[in-house]
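A.B. asks: One file: input-v6.cif (mmCIF, C-alpha atoms).
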```
data_entry
#
loop_
_atom_site.group_PDB
_atom_site.id
_atom_site.type_symbol
_atom_site.label_atom_id
_atom_site.label_comp_id
_atom_site.auth_asym_id
_atom_site.auth_seq_id
_atom_site.Cartn_x
_atom_site.Cartn_y
_atom_site.Cartn_z
ATOM 1 C CA MET A 1 92.764 90.121 90.296
ATOM 2 C CA ASN A 2 94.121 93.641 90.809
ATOM 3 C CA ILE A 3 91.918 95.361 93.372
ATOM 4 C CA CYS A 4 92.251 99.122 93.662
ATOM 5 C CA VAL A 5 91.417 100.724 96.993
ATOM 6 C CA PHE A 6 90.404 104.368 97.338
ATOM 7 C CA CYS A 7 90.400 105.754 100.885
ATOM 8 C CA SER A 8 91.372 108.476 103.320
ATOM 9 C CA SER A 9 94.972 109.442 103.874
ATOM 10 C CA SER A 10 94.117 111.395 107.014
ATOM 11 C CA SER A 11 96.105 110.556 110.117
ATOM 12 C CA ASN A 12 93.358 111.685 112.487
ATOM 13 C CA LEU A 13 91.047 108.663 112.324
ATOM 14 C CA ASP A 14 89.098 106.537 114.749
ATOM 15 C CA SER A 15 90.373 102.978 115.118
ATOM 16 C CA ILE A 16 87.148 101.548 113.641
ATOM 17 C CA TYR A 17 88.224 102.862 110.220
ATOM 18 C CA LEU A 18 91.814 101.661 110.604
ATOM 19 C CA ASP A 19 90.599 98.207 111.647
ATOM 20 C CA ALA A 20 88.359 97.998 108.563
ATOM 21 C CA ALA A 21 91.250 98.997 106.291
ATOM 22 C CA ASP A 22 93.451 96.384 107.952
ATOM 23 C CA ALA A 23 90.780 93.694 107.444
ATOM 24 C CA LEU A 24 90.422 94.613 103.775
ATOM 25 C CA GLY A 25 94.170 94.528 103.135
ATOM 26 C CA ARG A 26 94.441 91.134 104.798
ATOM 27 C CA ALA A 27 91.456 89.748 102.863
ATOM 28 C CA VAL A 28 92.854 90.911 99.521
ATOM 29 C CA ALA A 29 96.286 89.397 100.222
ATOM 30 C CA ARG A 30 95.012 86.135 101.725
ATOM 31 C CA ARG A 31 92.905 85.516 98.617
ATOM 32 C CA GLY A 32 95.949 86.019 96.371
ATOM 33 C CA HIS A 33 94.945 89.327 94.805
ATOM 34 C CA THR A 34 97.128 92.354 94.155
ATOM 35 C CA LEU A 35 96.327 95.548 96.068
ATOM 36 C CA VAL A 36 96.627 98.791 94.089
ATOM 37 C CA PHE A 37 96.516 101.986 96.157
ATOM 38 C CA GLY A 38 97.750 105.570 96.436
ATOM 39 C CA GLY A 39 101.204 104.614 97.704
ATOM 40 C CA TYR A 40 101.665 106.574 100.869
ATOM 41 C CA ASP A 41 101.926 105.368 104.468
ATOM 42 C CA MET A 42 99.179 107.583 105.845
ATOM 43 C CA GLY A 43 95.711 106.984 107.258
ATOM 44 C CA LEU A 44 93.598 104.214 105.779
ATOM 45 C CA MET A 45 95.872 104.167 102.745
ATOM 46 C CA GLY A 46 98.802 103.071 104.882
ATOM 47 C CA ALA A 47 96.731 100.694 106.993
ATOM 48 C CA VAL A 48 95.311 98.730 104.052
ATOM 49 C CA ALA A 49 98.720 98.414 102.405
ATOM 50 C CA ARG A 50 100.642 97.472 105.562
ATOM 51 C CA ALA A 51 98.064 94.749 106.244
ATOM 52 C CA ALA A 52 98.389 93.315 102.736
ATOM 53 C CA VAL A 53 102.191 93.409 102.936
ATOM 54 C CA SER A 54 102.107 91.692 106.347
ATOM 55 C CA GLU A 55 100.142 88.823 104.751
ATOM 56 C CA GLY A 56 102.712 88.459 101.968
ATOM 57 C CA GLY A 57 100.503 90.078 99.335
ATOM 58 C CA ARG A 58 101.618 91.938 96.253
ATOM 59 C CA VAL A 59 101.017 95.646 96.739
ATOM 60 C CA VAL A 60 101.471 98.345 94.102
ATOM 61 C CA GLY A 61 101.483 101.960 95.269
ATOM 62 C CA ILE A 62 101.008 104.776 92.785
ATOM 63 C CA THR A 63 102.557 107.994 94.085
ATOM 64 C CA THR A 64 102.950 111.508 92.663
ATOM 65 C CA GLU A 65 106.006 113.680 92.163
ATOM 66 C CA GLY A 66 104.435 116.570 94.069
ATOM 67 C CA LEU A 67 103.364 114.632 97.146
ATOM 68 C CA SER A 68 106.639 112.734 97.274
ATOM 69 C CA ALA A 69 108.529 116.047 97.100
ATOM 70 C CA LYS A 70 106.635 117.085 100.246
ATOM 71 C CA GLY A 71 108.282 114.184 102.063
ATOM 72 C CA ARG A 72 105.422 111.723 102.228
ATOM 73 C CA ALA A 73 106.678 108.235 103.036
ATOM 74 C CA VAL A 74 105.657 105.148 101.084
ATOM 75 C CA VAL A 75 104.692 101.865 102.702
ATOM 76 C CA ALA A 76 107.661 99.544 103.140
ATOM 77 C CA GLY A 77 107.551 96.395 101.023
ATOM 78 C CA ILE A 78 105.473 97.709 98.123
ATOM 79 C CA GLU A 79 106.172 98.171 94.432
ATOM 80 C CA GLU A 80 106.095 101.908 93.810
ATOM 81 C CA GLU A 81 105.273 103.741 90.594
ATOM 82 C CA CYS A 82 105.510 107.521 90.539
ATOM 83 C CA THR A 83 103.291 109.689 88.326
ATOM 84 C CA ALA A 84 103.372 113.395 87.565
ATOM 85 C CA ASP A 85 100.211 114.389 89.439
ATOM 86 C CA LEU A 86 96.929 113.238 90.997
ATOM 87 C CA SER A 87 95.132 112.948 87.647
ATOM 88 C CA ALA A 88 97.866 110.734 86.217
ATOM 89 C CA ARG A 89 97.876 108.708 89.440
ATOM 90 C CA LYS A 90 94.138 108.064 89.214
ATOM 91 C CA GLU A 91 94.417 107.100 85.542
ATOM 92 C CA ARG A 92 97.250 104.660 86.269
ATOM 93 C CA MET A 93 95.360 103.104 89.187
ATOM 94 C CA VAL A 94 92.266 102.650 87.020
ATOM 95 C CA ALA A 95 94.211 101.283 84.060
ATOM 96 C CA MET A 96 95.895 98.552 86.081
ATOM 97 C CA SER A 97 92.868 97.463 88.144
ATOM 98 C CA ASP A 98 90.120 94.912 87.627
ATOM 99 C CA ALA A 99 87.915 95.981 90.542
ATOM 100 C CA PHE A 100 87.570 98.942 92.892
ATOM 101 C CA VAL A 101 86.849 99.261 96.600
ATOM 102 C CA THR A 102 86.120 102.533 98.322
ATOM 103 C CA LEU A 103 86.627 102.961 102.046
ATOM 104 C CA PRO A 104 85.614 106.105 103.931
ATOM 105 C CA GLY A 105 87.463 109.198 102.828
ATOM 106 C CA GLY A 106 87.186 112.824 101.814
ATOM 107 C CA LEU A 107 87.147 114.802 98.592
ATOM 108 C CA GLY A 108 89.850 112.816 96.796
ATOM 109 C CA THR A 109 88.199 109.523 97.682
ATOM 110 C CA PHE A 110 84.801 110.709 96.467
ATOM 111 C CA ASP A 111 86.383 111.990 93.245
ATOM 112 C CA GLU A 112 87.945 108.577 92.624
ATOM 113 C CA PHE A 113 84.739 106.668 93.450
ATOM 114 C CA PHE A 114 82.509 108.795 91.222
ATOM 115 C CA SER A 115 85.037 108.801 88.394
ATOM 116 C CA VAL A 116 85.090 105.004 88.310
ATOM 117 C CA ILE A 117 81.341 104.371 88.590
ATOM 118 C CA SER A 118 80.658 107.055 85.957
ATOM 119 C CA ARG A 119 83.155 105.492 83.558
ATOM 120 C CA VAL A 120 81.646 102.039 84.135
ATOM 121 C CA LYS A 121 78.189 103.453 83.384
ATOM 122 C CA ALA A 122 79.518 105.064 80.190
ATOM 123 C CA GLY A 123 81.072 101.767 79.119
ATOM 124 C CA GLU A 124 84.625 103.112 79.234
ATOM 125 C CA ILE A 125 85.768 100.474 81.698
ATOM 126 C CA ASP A 126 84.419 97.044 82.591
ATOM 127 C CA ALA A 127 84.767 96.645 86.337
ATOM 128 C CA LEU A 128 82.883 96.206 89.559
ATOM 129 C CA SER A 129 83.068 98.579 92.482
ATOM 130 C CA ALA A 130 82.227 98.153 96.123
ATOM 131 C CA LEU A 131 81.802 100.404 99.114
ATOM 132 C CA LEU A 132 83.100 99.122 102.444
ATOM 133 C CA ASP A 133 80.532 100.820 104.655
ATOM 134 C CA VAL A 134 82.300 101.280 107.969
ATOM 135 C CA ASP A 135 80.003 102.350 110.815
ATOM 136 C CA GLY A 136 77.298 103.550 108.401
ATOM 137 C CA PHE A 137 79.613 106.099 106.753
ATOM 138 C CA PHE A 138 78.179 105.543 103.273
ATOM 139 C CA GLU A 139 74.485 105.383 104.262
ATOM 140 C CA PRO A 140 73.784 109.025 103.260
ATOM 141 C CA LEU A 141 75.580 108.515 99.938
ATOM 142 C CA THR A 142 73.775 105.292 99.082
ATOM 143 C CA ALA A 143 70.440 106.913 99.996
ATOM 144 C CA LEU A 144 71.240 109.837 97.690
ATOM 145 C CA LEU A 145 72.231 107.561 94.799
ATOM 146 C CA ASP A 146 69.155 105.358 95.302
ATOM 147 C CA ASP A 147 66.943 108.462 95.363
ATOM 148 C CA ALA A 148 68.510 109.736 92.127
ATOM 149 C CA CYS A 149 67.591 106.410 90.499
ATOM 150 C CA ALA A 150 64.067 106.420 91.941
ATOM 151 C CA ARG A 151 63.467 109.938 90.582
ATOM 152 C CA GLY A 152 64.714 108.949 87.149
ATOM 153 C CA LEU A 153 67.717 111.240 87.365
ATOM 154 C CA ASN A 154 70.139 108.402 86.719
ATOM 155 C CA ALA A 155 69.557 106.343 83.592
ATOM 156 C CA SER A 156 70.811 103.139 85.194
ATOM 157 C CA ASP A 157 70.889 101.602 88.645
ATOM 158 C CA TRP A 158 74.304 102.283 90.187
ATOM 159 C CA ARG A 159 73.934 99.118 92.273
ATOM 160 C CA ALA A 160 74.133 96.948 89.144
ATOM 161 C CA THR A 161 77.933 97.336 89.222
ATOM 162 C CA CYS A 162 78.553 98.523 92.783
ATOM 163 C CA GLY A 163 77.988 96.508 95.946
ATOM 164 C CA VAL A 164 77.771 97.800 99.504
ATOM 165 C CA PHE A 165 79.289 95.720 102.304
ATOM 166 C CA ASP A 166 80.127 96.049 105.981
ATOM 167 C CA ASP A 167 82.464 93.038 105.943
ATOM 168 C CA ALA A 168 85.784 92.988 104.049
ATOM 169 C CA ALA A 169 85.894 89.225 103.465
ATOM 170 C CA ALA A 170 82.343 89.195 102.069
ATOM 171 C CA LEU A 171 83.213 92.101 99.798
ATOM 172 C CA VAL A 172 86.261 90.311 98.342
ATOM 173 C CA ALA A 173 84.241 87.097 97.910
ATOM 174 C CA TRP A 174 81.586 89.080 95.971
ATOM 175 C CA LEU A 175 84.228 90.514 93.655
ATOM 176 C CA GLU A 176 85.625 87.013 93.049
ATOM 177 C CA ALA A 177 82.215 85.512 92.344
ATOM 178 C CA ALA A 178 81.430 88.210 89.792
ATOM 179 C CA ARG A 179 84.657 87.656 87.838
#
```
Could you render the structure from this file as structure tokens?
C.D. replies:
Amino acid sequence: MNICVFCSSSSNLDSIYLDAADALGRAVARRGHTLVFGGYDMGLMGAVARAAVSEGGRVVGITTEGLSAKGRAVVAGIEEECTADLSARKERMVAMSDAFVTLPGGLGTFDEFFSVISRVKAGEIDALSALLDVDGFFEPLTALLDDACARGLNASDWRATCGVFDDAAALVAWLEAAR
């Protein structure tokens, strides 16, 4: 299975987030899955990929011409594909993935998460998503999404295709069981 990971590329992160990214990368690789990610050796993005590479996993990084021109380094040992821009990168990541995992992140990560779950809801893609809830990071988001469902603002329950986990191995096992 190709598992796409969306996450922060910030370099100013607490070790709890880096440890969770490392655990996810190791779990994906140990179970024989391919990790698809944003390509660069920064923040959680770099941590998840380095962990998967260290376990002998196949890792595909999708980079962009613009960010690469700024001198961003890619993770050693990955297969790299370069796209024109962030939109093309997201489309390529989605097209080649069977499942999606979102770790804590900022605006880009939220954009990627919402894009995928919206497209699943619309029937444009058939995939599961999961949030790796590190230190309660996603609690406000899950409460908001649950409230939108309870108020009738969302026509379907987002949890039908998106799981929430605080353990990387359990998350990967859930994705496997659903496929």
A.B. asks: Would you mind reading off the distance between atom CA of A:Gly123 and atom CA of A:Arg179, one decimal, in Å?
C.D. replies: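 So the two atoms, atom CA of A:Gly123 and atom CA of A:Arg179, lie 17.0 Å apart.
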A.B. asks: As an exercise, work out the distance from atom CA of A:Asp126 to atom CA of A:Asp98 in Å and give it to one decimal place.
C.D. replies: 7.9 Å
A.B. asks: Find the distance between atom CA of A:Asp135 and atom CA of A:Arg89 and write it in Å to one decimal.
C.D. replies: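 These two atoms are separated by 28.6 Å.
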A.B. asks: Compile the contact shell of A:Phe113 as a CSV table (one decimal) with C-alpha atoms, keeping the file's coordinate frame: residues with an atom at most 9 Å away, counting all atoms listed in the file, same-chain residues fewer than 6 positions apart removed.
C.D. replies:
```csv
chain,number,residue,atom,x,y,z
A,6,PHE,CA,90.4,104.4,97.3
A,100,PHE,CA,87.6,98.9,92.9
A,101,VAL,CA,86.8,99.3,96.6
A,102,THR,CA,86.1,102.5,98.3
A,129,SER,CA,83.1,98.6,92.5
A,131,LEU,CA,81.8,100.4,99.1
```
A.B. asks: Give the answer as one residue: which of A:Asp22, A:Asp167, A:Asp85, A:Glu79 has the shortest atom-to-atom distance to A:Ser54, using only C-alpha atoms?
C.D. replies: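 Counting only C-alpha atoms, the residue closest to A:Ser54 is A:Asp22.
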A.B. asks: Considering only C-alpha atoms, state which residue in the set A:Ala27, A:Ala173, A:Cys7, A:Leu141 is at the smallest distance from A:Gly57.
C.D. replies: A:Ala27
A.B. asks: Select from stretch 83-173 of chain A every residue with an atom at most 9 Å from any atom of stretch 62-65 of chain A, then for each give the shortest pair of atoms and their distance in Å to one decimal, using only C-alpha atoms, rows by chain and rising number, as a tab-separated table.
C.D. replies:
```
residue	atom	partner	partner_atom	distance
A:Thr83	CA	A:Thr64	CA	4.7
A:Ala84	CA	A:Glu65	CA	5.3
A:Asp85	CA	A:Thr64	CA	5.1
A:Leu86	CA	A:Thr64	CA	6.5
A:Ala88	CA	A:Thr64	CA	8.2
A:Arg89	CA	A:Ile62	CA	6.0
A:Lys90	CA	A:Ile62	CA	8.4
A:Arg92	CA	A:Ile62	CA	7.5
A:Met93	CA	A:Ile62	CA	6.9
```
A.B. asks: Mind writing the picked residues with C-alpha atoms as a PDB file, keeping the file's coordinate frame?
C.D. replies:
```pdb
ATOM      1  CA  THR A  83     103.291 109.689  88.326  1.00  0.00           C
ATOM      2  CA  ALA A  84     103.372 113.395  87.565  1.00  0.00           C
ATOM      3  CA  ASP A  85     100.211 114.389  89.439  1.00  0.00           C
ATOM      4  CA  LEU A  86      96.929 113.238  90.997  1.00  0.00           C
ATOM      5  CA  ALA A  88      97.866 110.734  86.217  1.00  0.00           C
ATOM      6  CA  ARG A  89      97.876 108.708  89.440  1.00  0.00           C
ATOM      7  CA  LYS A  90      94.138 108.064  89.214  1.00  0.00           C
ATOM      8  CA  ARG A  92      97.250 104.660  86.269  1.00  0.00           C
ATOM      9  CA  MET A  93      95.360 103.104  89.187  1.00  0.00           C
TER      10      MET A  93
END
```
A.B. asks: Restricting the calculation to all atoms listed in the file, which member of A:Ala29, A:Ala23, A:Leu18, A:Leu67 is positioned closest to A:Gly46?
C.D. replies: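 Residue with the minimum atom-to-atom distance to A:Gly46: A:Leu18.
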A.B. asks: Rank A:Gly38, A:Ala99, A:Arg31, A:Ile125 by their smallest atom-to-atom distance to A:Ser87, using all atoms listed in the file, and report the top residue only.
C.D. replies: A:Gly38
A.B. asks: Mind listing as a short mmCIF file (atom, residue, chain, number, x, y, z; two decimals) with C-alpha atoms, in the frame of the given file all residues within 12 Å of (78.3, 107.7, 104.6), counting only C-alpha atoms?
C.D. replies:
```
data_model
loop_
_atom_site.label_atom_id
_atom_site.label_comp_id
_atom_site.auth_asym_id
_atom_site.auth_seq_id
_atom_site.Cartn_x
_atom_site.Cartn_y
_atom_site.Cartn_z
CA THR A 102 86.12 102.53 98.32
CA LEU A 103 86.63 102.96 102.05
CA PRO A 104 85.61 106.10 103.93
CA GLY A 105 87.46 109.20 102.83
CA GLY A 106 87.19 112.82 101.81
CA PHE A 110 84.80 110.71 96.47
CA LEU A 131 81.80 100.40 99.11
CA LEU A 132 83.10 99.12 102.44
CA ASP A 133 80.53 100.82 104.66
CA VAL A 134 82.30 101.28 107.97
CA ASP A 135 80.00 102.35 110.82
CA GLY A 136 77.30 103.55 108.40
CA PHE A 137 79.61 106.10 106.75
CA PHE A 138 78.18 105.54 103.27
CA GLU A 139 74.48 105.38 104.26
CA PRO A 140 73.78 109.02 103.26
CA LEU A 141 75.58 108.52 99.94
CA THR A 142 73.78 105.29 99.08
CA ALA A 143 70.44 106.91 100.00
CA LEU A 144 71.24 109.84 97.69
CA LEU A 145 72.23 107.56 94.80
CA VAL A 164 77.77 97.80 99.50
CA ASP A 166 80.13 96.05 105.98
#
```
A.B. asks: With all atoms listed in the file as the counted atoms, please give the residues lying no more than 10 Å from A:Ser156, apart from itself and same-chain residues fewer than 5 positions off, as a PyMOL selection string.
C.D. replies: chain A and resi 121+148-149
A.B. asks: Which residues fall under the PyMOL selection byres ((chain A and resi 55) around 10) in this file, as a list of chain:residue names?
C.D. replies: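 Going through the file, the PyMOL selection byres ((chain A and resi 55) around 10) ends up selecting A:Gly25, A:Arg26, A:Ala27, A:Val28, A:Ala29, A:Arg30, A:Gly32, A:Ala49, A:Arg50, A:Ala51, A:Ala52, A:Val53, A:Ser54, A:Gly56, A:Gly57, A:Arg58.
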A.B. asks: Using all atoms listed in the file, which protein or nucleic acid residues come within 10 Å of A:Ser115? Drop anything in the same chain fewer than 6 positions from it, and give the result as a list in words.
C.D. replies: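 Surrounding residues, per the criterion: Lys90, Glu91, Val94 and Thr109 of chain A.
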A.B. asks: Those same residues - C-alpha atoms - I'd like them written as a CSV table (one decimal), in the frame of the given file.
C.D. replies:
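And here's selection.csv as it stands now:
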```csv
chain,number,residue,atom,x,y,z
A,90,LYS,CA,94.1,108.1,89.2
A,91,GLU,CA,94.4,107.1,85.5
A,94,VAL,CA,92.3,102.6,87.0
A,109,THR,CA,88.2,109.5,97.7
```
A.B. asks: Considering all atoms listed in the file, can you say which of A:Ala155, A:Val116, A:Leu175, A:Ala122 comes closest to A:His33?
C.D. replies: A:Leu175
A.B. asks: Build an axis-aligned box that encloses every atom of stretch 100-107 of chain A listed in the file, pad it by 5 Å on each side, and report its centre and edge lengths in Å to one decimal, as AutoDock Vina command-line options.
C.D. replies:
```
--center_x 86.6 --center_y 106.9 --center_z 98.4 --size_x 12.0 --size_y 25.9 --size_z 21.0
```
A.B. asks: Choose the residue, out of A:Ala150, A:Ala178, A:Ala130, A:Ala69, that has the smallest atom-to-atom separation from A:Gly163; count all atoms listed in the file.
C.D. replies: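 Selected residue with least distance to A:Gly163: A:Ala130.
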